[in-house]
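The next block is entry-v7.cif, given as mmCIF, C-alpha atoms.
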data_entry
loop_
_atom_site.group_PDB
_atom_site.id
_atom_site.type_symbol
_atom_site.label_atom_id
_atom_site.label_comp_id
_atom_site.auth_asym_id
_atom_site.auth_seq_id
_atom_site.Cartn_x
_atom_site.Cartn_y
_atom_site.Cartn_z
ATOM 1 C CA MET W 1 88.864 65.874 124.487
ATOM 2 C CA ASP W 2 88.869 67.137 128.068
ATOM 3 C CA ILE W 3 90.549 65.187 130.865
ATOM 4 C CA THR W 4 91.425 65.860 134.489
ATOM 5 C CA VAL W 5 94.877 64.964 135.776
ATOM 6 C CA LYS W 6 95.407 64.554 139.521
ATOM 7 C CA TYR W 7 98.846 64.629 141.106
ATOM 8 C CA PHE W 8 99.762 62.989 144.409
ATOM 9 C CA GLY W 9 102.776 63.029 146.723
ATOM 10 C CA ILE W 10 106.082 64.081 145.231
ATOM 11 C CA ILE W 11 104.462 64.581 141.826
ATOM 12 C CA ALA W 12 102.176 67.247 143.296
ATOM 13 C CA ASP W 13 105.322 68.885 144.673
ATOM 14 C CA VAL W 14 106.986 68.809 141.234
ATOM 15 C CA THR W 15 103.962 70.305 139.461
ATOM 16 C CA SER W 16 102.974 72.630 142.335
ATOM 17 C CA LYS W 17 99.425 71.463 141.650
ATOM 18 C CA LYS W 18 97.083 68.804 142.947
ATOM 19 C CA GLU W 19 94.881 68.774 139.855
ATOM 20 C CA GLU W 20 94.468 70.358 136.452
ATOM 21 C CA THR W 21 92.219 70.008 133.433
ATOM 22 C CA PHE W 22 93.522 69.672 129.897
ATOM 23 C CA THR W 23 91.827 69.987 126.536
ATOM 24 C CA LEU W 24 93.880 67.590 124.453
ATOM 25 C CA SER W 25 94.396 67.437 120.716
ATOM 26 C CA ASP W 26 93.626 64.260 118.798
ATOM 27 C CA ALA W 27 97.359 63.469 118.830
ATOM 28 C CA VAL W 28 97.293 63.013 122.605
ATOM 29 C CA ASN W 29 94.989 60.027 122.822
ATOM 30 C CA SER W 30 96.833 57.462 124.941
ATOM 31 C CA ILE W 31 98.489 57.272 128.326
ATOM 32 C CA GLN W 32 101.870 57.151 126.603
ATOM 33 C CA SER W 33 101.247 60.347 124.639
ATOM 34 C CA LEU W 34 99.850 62.030 127.763
ATOM 35 C CA GLN W 35 103.016 61.085 129.677
ATOM 36 C CA PHE W 36 105.123 62.675 126.943
ATOM 37 C CA HIS W 37 102.957 65.809 127.077
ATOM 38 C CA LEU W 38 103.274 66.051 130.881
ATOM 39 C CA GLU W 39 107.038 65.478 130.751
ATOM 40 C CA GLN W 40 107.315 68.438 128.376
ATOM 41 C CA LEU W 41 105.382 70.626 130.822
ATOM 42 C CA TYR W 42 107.115 69.284 133.948
ATOM 43 C CA PRO W 43 110.556 67.883 133.000
ATOM 44 C CA GLU W 44 111.266 66.786 136.592
ATOM 45 C CA ILE W 45 108.561 64.125 136.250
ATOM 46 C CA LYS W 46 110.976 62.141 134.060
ATOM 47 C CA ASN W 47 113.135 61.551 137.152
ATOM 48 C CA THR W 48 110.206 60.393 139.283
ATOM 49 C CA THR W 49 108.815 56.881 139.584
ATOM 50 C CA TYR W 50 105.038 56.763 139.396
ATOM 51 C CA SER W 51 102.068 54.672 138.347
ATOM 52 C CA LEU W 52 99.096 55.834 136.339
ATOM 53 C CA ALA W 53 95.421 55.252 136.898
ATOM 54 C CA ILE W 54 92.453 56.024 134.669
ATOM 55 C CA ASN W 55 89.175 56.523 136.493
ATOM 56 C CA GLN W 56 90.671 54.969 139.653
ATOM 57 C CA LYS W 57 92.008 51.829 137.950
ATOM 58 C CA LEU W 58 95.724 51.239 137.443
ATOM 59 C CA THR W 59 96.626 51.153 133.781
ATOM 60 C CA ASN W 60 99.447 50.673 131.300
ATOM 61 C CA GLN W 61 100.893 52.999 128.667
ATOM 62 C CA ASN W 62 98.847 51.531 125.818
ATOM 63 C CA GLU W 63 95.488 52.503 127.282
ATOM 64 C CA THR W 64 93.409 54.864 125.123
ATOM 65 C CA LEU W 65 92.072 58.057 126.666
ATOM 66 C CA GLN W 66 88.419 59.023 126.491
ATOM 67 C CA ASP W 67 86.692 62.370 126.952
ATOM 68 C CA GLN W 68 86.155 63.209 130.640
ATOM 69 C CA ASP W 69 88.666 60.623 131.912
ATOM 70 C CA GLU W 70 90.297 61.247 135.259
ATOM 71 C CA ILE W 71 94.002 60.405 135.256
ATOM 72 C CA ALA W 72 95.996 60.059 138.466
ATOM 73 C CA LEU W 73 99.788 60.084 138.746
ATOM 74 C CA LEU W 74 100.594 58.023 141.808
ATOM 75 C CA PRO W 75 104.040 57.950 143.413
ATOM 76 C CA PRO W 76 105.305 54.747 145.030
ATOM 77 C CA PHE W 77 103.692 54.122 148.385
ATOM 78 C CA SER W 78 104.046 51.605 151.132
ATOM 79 C CA GLY W 79 101.600 50.260 153.615
ATOM 80 C CA GLY W 80 101.831 48.587 156.908
#

What does the file become when written as structure tokens?
Amino acid sequence: MDITVKYFGIIADVTSKKEETFTLSDAVNSIQSLQFHLEQLYPEIKNTTYSLAINQKLTNQNETLQDQDEIALLPPFSGG
């Protein structure tokens, strides 16, 4: 399964990337397992507060990933 992960704000700083594509094994099939995978690659993410979105919709950790999904890691933001 291929997915695209986009990083914003402080998370882009931690990863030194704005976006990357992953080919995931069958074991990485949920947001929760993807988070674990990303935390192994970028341990500093564990210390960062962020929300997750799949295909531009906020999601929870139980959501199942599908081929070609776009995942965004969104840091806290404020508006005015």

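Note that the spacing between CA of Asp13 (chain W) and CA of Ala27 (chain W) amounts to 27.6 Å.
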
Could you state which residues are captured by the PyMOL selection byres ((chain W and resi 55) around 7) in this file, as a short mmCIF file (atom, residue, chain, number, x, y, z; two decimals) with C-alpha atoms, keeping the file's coordinate frame?
data_model
loop_
_atom_site.label_atom_id
_atom_site.label_comp_id
_atom_site.auth_asym_id
_atom_site.auth_seq_id
_atom_site.Cartn_x
_atom_site.Cartn_y
_atom_site.Cartn_z
CA ALA W 53 95.42 55.25 136.90
CA ILE W 54 92.45 56.02 134.67
CA GLN W 56 90.67 54.97 139.65
CA LYS W 57 92.01 51.83 137.95
CA ASP W 69 88.67 60.62 131.91
CA GLU W 70 90.30 61.25 135.26
CA ILE W 71 94.00 60.40 135.26
#

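Shortest separation to Ser51 (chain W) among W:Leu24, W:Val5, W:Leu73, W:Ile31 occurs at residue W:Leu73, atoms counted being all atoms listed in the file.
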
(message) Can you translate the PyMOL selection byres ((chain W and resi 1) around 6) into the concrete residues it hits in this file, as a ChimeraX atom specification?
(response) /W:2,23-24,67

(request) Translate the PyMOL selection byres ((chain W and resi 11) around 10), as applied to the file shown, into an explicit residue set as a ChimeraX atom specification. (result) /W:6-10,12-18,42,44-45,48-50,73-75

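Nearest to Val28 (chain W) of all the residues W:Lys46, W:Ala72, W:Leu52, W:Leu65 is W:Leu65, counting all atoms listed in the file.
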
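Counting from CA of Phe22 (chain W), the distance to CA of Thr4 (chain W) is 6.3 Å.
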
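Minimum distance to Thr59 (chain W) across W:Gln40, W:Ser25, W:Asn47, W:Ser30 (counting all atoms listed in the file) occurs at W:Ser30.
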
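Computed from the coordinates, the CA of Asn29 (chain W) to CA of Gln68 (chain W) distance equals 12.2 Å.
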
Can you report as AutoDock Vina command-line options the centre and edge lengths in Å, to one decimal, of an axis-aligned box around the listed atoms of region 16-34 of chain W padded with 4 Å on each side?
--center_x 97.4 --center_y 64.9 --center_z 130.9 --size_x 19.1 --size_y 23.5 --size_z 32.1

Where atoms are absent from region 42-56 of chain W, fill them in so it carries N, CA and C atoms, then output it as a PDB file, in the frame of the given file.
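Output saved as part_6.pdb:
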ATOM      1  N   TYR W  42     106.443  69.445 132.655  1.00  0.00           N
ATOM      2  CA  TYR W  42     107.115  69.284 133.948  1.00  0.00           C
ATOM      3  C   TYR W  42     108.285  68.313 133.790  1.00  0.00           C
ATOM      4  N   PRO W  43     109.427  68.777 133.285  1.00  0.00           N
ATOM      5  CA  PRO W  43     110.556  67.883 133.000  1.00  0.00           C
ATOM      6  C   PRO W  43     111.028  67.048 134.203  1.00  0.00           C
ATOM      7  N   GLU W  44     110.831  67.543 135.409  1.00  0.00           N
ATOM      8  CA  GLU W  44     111.266  66.786 136.592  1.00  0.00           C
ATOM      9  C   GLU W  44     110.503  65.467 136.763  1.00  0.00           C
ATOM     10  N   ILE W  45     109.346  65.369 136.150  1.00  0.00           N
ATOM     11  CA  ILE W  45     108.561  64.125 136.250  1.00  0.00           C
ATOM     12  C   ILE W  45     109.349  62.954 135.678  1.00  0.00           C
ATOM     13  N   LYS W  46     110.183  63.212 134.676  1.00  0.00           N
ATOM     14  CA  LYS W  46     110.976  62.141 134.060  1.00  0.00           C
ATOM     15  C   LYS W  46     111.845  61.419 135.085  1.00  0.00           C
ATOM     16  N   ASN W  47     112.253  62.116 136.128  1.00  0.00           N
ATOM     17  CA  ASN W  47     113.135  61.551 137.152  1.00  0.00           C
ATOM     18  C   ASN W  47     112.360  60.967 138.324  1.00  0.00           C
ATOM     19  N   THR W  48     111.054  60.864 138.196  1.00  0.00           N
ATOM     20  CA  THR W  48     110.206  60.393 139.283  1.00  0.00           C
ATOM     21  C   THR W  48     109.548  59.067 138.896  1.00  0.00           C
ATOM     22  N   THR W  49     109.515  58.152 139.811  1.00  0.00           N
ATOM     23  CA  THR W  49     108.815  56.881 139.584  1.00  0.00           C
ATOM     24  C   THR W  49     107.354  57.067 139.974  1.00  0.00           C
ATOM     25  N   TYR W  50     106.461  56.637 139.093  1.00  0.00           N
ATOM     26  CA  TYR W  50     105.038  56.763 139.396  1.00  0.00           C
ATOM     27  C   TYR W  50     104.235  55.754 138.584  1.00  0.00           C
ATOM     28  N   SER W  51     103.034  55.510 139.061  1.00  0.00           N
ATOM     29  CA  SER W  51     102.068  54.672 138.347  1.00  0.00           C
ATOM     30  C   SER W  51     100.956  55.581 137.852  1.00  0.00           C
ATOM     31  N   LEU W  52     100.209  55.073 136.898  1.00  0.00           N
ATOM     32  CA  LEU W  52      99.096  55.834 136.339  1.00  0.00           C
ATOM     33  C   LEU W  52      97.788  55.083 136.533  1.00  0.00           C
ATOM     34  N   ALA W  53      96.752  55.834 136.776  1.00  0.00           N
ATOM     35  CA  ALA W  53      95.421  55.252 136.898  1.00  0.00           C
ATOM     36  C   ALA W  53      94.458  56.067 136.037  1.00  0.00           C
ATOM     37  N   ILE W  54      93.543  55.368 135.401  1.00  0.00           N
ATOM     38  CA  ILE W  54      92.453  56.024 134.669  1.00  0.00           C
ATOM     39  C   ILE W  54      91.168  55.680 135.398  1.00  0.00           C
ATOM     40  N   ASN W  55      90.451  56.710 135.801  1.00  0.00           N
ATOM     41  CA  ASN W  55      89.175  56.523 136.493  1.00  0.00           C
ATOM     42  C   ASN W  55      89.313  55.536 137.654  1.00  0.00           C
ATOM     43  N   GLN W  56      90.380  55.712 138.425  1.00  0.00           N
ATOM     44  CA  GLN W  56      90.671  54.969 139.653  1.00  0.00           C
ATOM     45  C   GLN W  56      91.051  53.511 139.433  1.00  0.00           C
TER      46      GLN W  56
END
